[in-house]
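One structure below.
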Amino acid sequence: MLPQDPVMLLSYLNTQLRDNYSGLDSLADGLDISKDDLDTIVSKLEGIGYKYDAGTNQFK
């Protein structure tokens, strides 16, 4: 289960991206996250000022 708090979610996802996944698509596949749920997660993080940067493979 993913953290519901946006800051905890940010930390968790960045750690997963850094340690285990090469991008958002592989993270979604590995964590069994649907496209709609991934869009919701990205929107939630954008709501606190973070956008995914594919070049660094992290939300910043």
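By order in the structure tokens, chains are A, B, ...; within a chain, residues start at 1; ligands start at 1, following the order shown.
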message = I need the residues in chain A that are helix (DSSP H, G or I) according to DSSP; give them as a PyMOL selection string.
response = chain A and resi 6-19+24-30+35-46
Note to self: Need the shell around A:Tyr52: protein/DNA/RNA residues with any atom at most 12 Å away, counting only C-alpha atoms. Skip same-chain ones fewer than 6 positions apart. Format as a PyMOL selection string?
What the structure shows: chain A and resi 10+13-14+17+23-25+38-39+41-46+58-60
Store the residues picked out above, limited to N, CA and C atoms, as a PDB file, in the first residue's frame.
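Dumped everything to part-v1.pdb:
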ATOM      1  N   LEU A  10       5.985  11.122  -1.756  1.00  0.00           N
ATOM      2  CA  LEU A  10       7.126  11.644  -2.504  1.00  0.00           C
ATOM      3  C   LEU A  10       8.406  10.922  -2.109  1.00  0.00           C
ATOM      4  N   LEU A  13       8.288   7.176  -3.284  1.00  0.00           N
ATOM      5  CA  LEU A  13       8.435   6.987  -4.728  1.00  0.00           C
ATOM      6  C   LEU A  13       9.837   7.340  -5.202  1.00  0.00           C
ATOM      7  N   ASN A  14      10.411   8.415  -4.694  1.00  0.00           N
ATOM      8  CA  ASN A  14      11.774   8.755  -5.104  1.00  0.00           C
ATOM      9  C   ASN A  14      12.767   7.675  -4.689  1.00  0.00           C
ATOM     10  N   LEU A  17      12.203   4.791  -7.128  1.00  0.00           N
ATOM     11  CA  LEU A  17      12.768   5.132  -8.441  1.00  0.00           C
ATOM     12  C   LEU A  17      14.290   5.051  -8.407  1.00  0.00           C
ATOM     13  N   GLY A  23      12.081   4.217 -14.393  1.00  0.00           N
ATOM     14  CA  GLY A  23      11.151   5.277 -14.767  1.00  0.00           C
ATOM     15  C   GLY A  23       9.776   5.019 -14.200  1.00  0.00           C
ATOM     16  N   LEU A  24       8.859   5.950 -14.482  1.00  0.00           N
ATOM     17  CA  LEU A  24       7.505   5.834 -13.936  1.00  0.00           C
ATOM     18  C   LEU A  24       6.768   4.603 -14.452  1.00  0.00           C
ATOM     19  N   ASP A  25       6.941   4.272 -15.723  1.00  0.00           N
ATOM     20  CA  ASP A  25       6.241   3.104 -16.265  1.00  0.00           C
ATOM     21  C   ASP A  25       6.693   1.818 -15.592  1.00  0.00           C
ATOM     22  N   LEU A  38      -1.690   6.050 -11.424  1.00  0.00           N
ATOM     23  CA  LEU A  38      -0.423   6.755 -11.595  1.00  0.00           C
ATOM     24  C   LEU A  38      -0.678   8.227 -11.901  1.00  0.00           C
ATOM     25  N   ASP A  39      -1.654   8.505 -12.747  1.00  0.00           N
ATOM     26  CA  ASP A  39      -2.010   9.899 -13.052  1.00  0.00           C
ATOM     27  C   ASP A  39      -2.453  10.641 -11.791  1.00  0.00           C
ATOM     28  N   ILE A  41      -1.547   9.933  -8.696  1.00  0.00           N
ATOM     29  CA  ILE A  41      -0.345  10.108  -7.873  1.00  0.00           C
ATOM     30  C   ILE A  41       0.478  11.292  -8.370  1.00  0.00           C
ATOM     31  N   VAL A  42       0.689  11.355  -9.684  1.00  0.00           N
ATOM     32  CA  VAL A  42       1.455  12.459 -10.262  1.00  0.00           C
ATOM     33  C   VAL A  42       0.763  13.784  -9.966  1.00  0.00           C
ATOM     34  N   SER A  43      -0.555  13.829 -10.104  1.00  0.00           N
ATOM     35  CA  SER A  43      -1.311  15.054  -9.809  1.00  0.00           C
ATOM     36  C   SER A  43      -1.185  15.447  -8.342  1.00  0.00           C
ATOM     37  N   LYS A  44      -1.225  14.455  -7.464  1.00  0.00           N
ATOM     38  CA  LYS A  44      -1.095  14.721  -6.024  1.00  0.00           C
ATOM     39  C   LYS A  44       0.262  15.348  -5.723  1.00  0.00           C
ATOM     40  N   LEU A  45       1.312  14.829  -6.341  1.00  0.00           N
ATOM     41  CA  LEU A  45       2.648  15.371  -6.096  1.00  0.00           C
ATOM     42  C   LEU A  45       2.830  16.737  -6.753  1.00  0.00           C
ATOM     43  N   GLU A  46       2.211  16.936  -7.902  1.00  0.00           N
ATOM     44  CA  GLU A  46       2.252  18.263  -8.523  1.00  0.00           C
ATOM     45  C   GLU A  46       1.539  19.277  -7.647  1.00  0.00           C
ATOM     46  N   GLN A  58      13.377  11.231 -10.956  1.00  0.00           N
ATOM     47  CA  GLN A  58      12.865  11.552  -9.625  1.00  0.00           C
ATOM     48  C   GLN A  58      11.859  12.691  -9.725  1.00  0.00           C
ATOM     49  N   PHE A  59      11.079  12.805  -8.675  1.00  0.00           N
ATOM     50  CA  PHE A  59      10.201  13.960  -8.538  1.00  0.00           C
ATOM     51  C   PHE A  59      11.021  15.050  -7.863  1.00  0.00           C
ATOM     52  N   LYS A  60      10.991  16.233  -8.458  1.00  0.00           N
ATOM     53  CA  LYS A  60      11.718  17.347  -7.836  1.00  0.00           C
ATOM     54  C   LYS A  60      11.028  18.653  -8.115  1.00  0.00           C
TER      55      LYS A  60
END
Exercise for review: Excluding A:Met1 and any residue of its chain fewer than 2 positions from it, enumerate the residues within 10 Å of it, using only C-alpha atoms, and give them as a list in words.
Suggested key: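 In the requested form, the answer reads Pro3, Gln4 and Leu31 of chain A.
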- [ ] Give the strand (DSSP E or B) residues of chain A, as assigned by DSSP on the backbone, as a ChimeraX atom specification.
- [x] /A:52-53,58-59
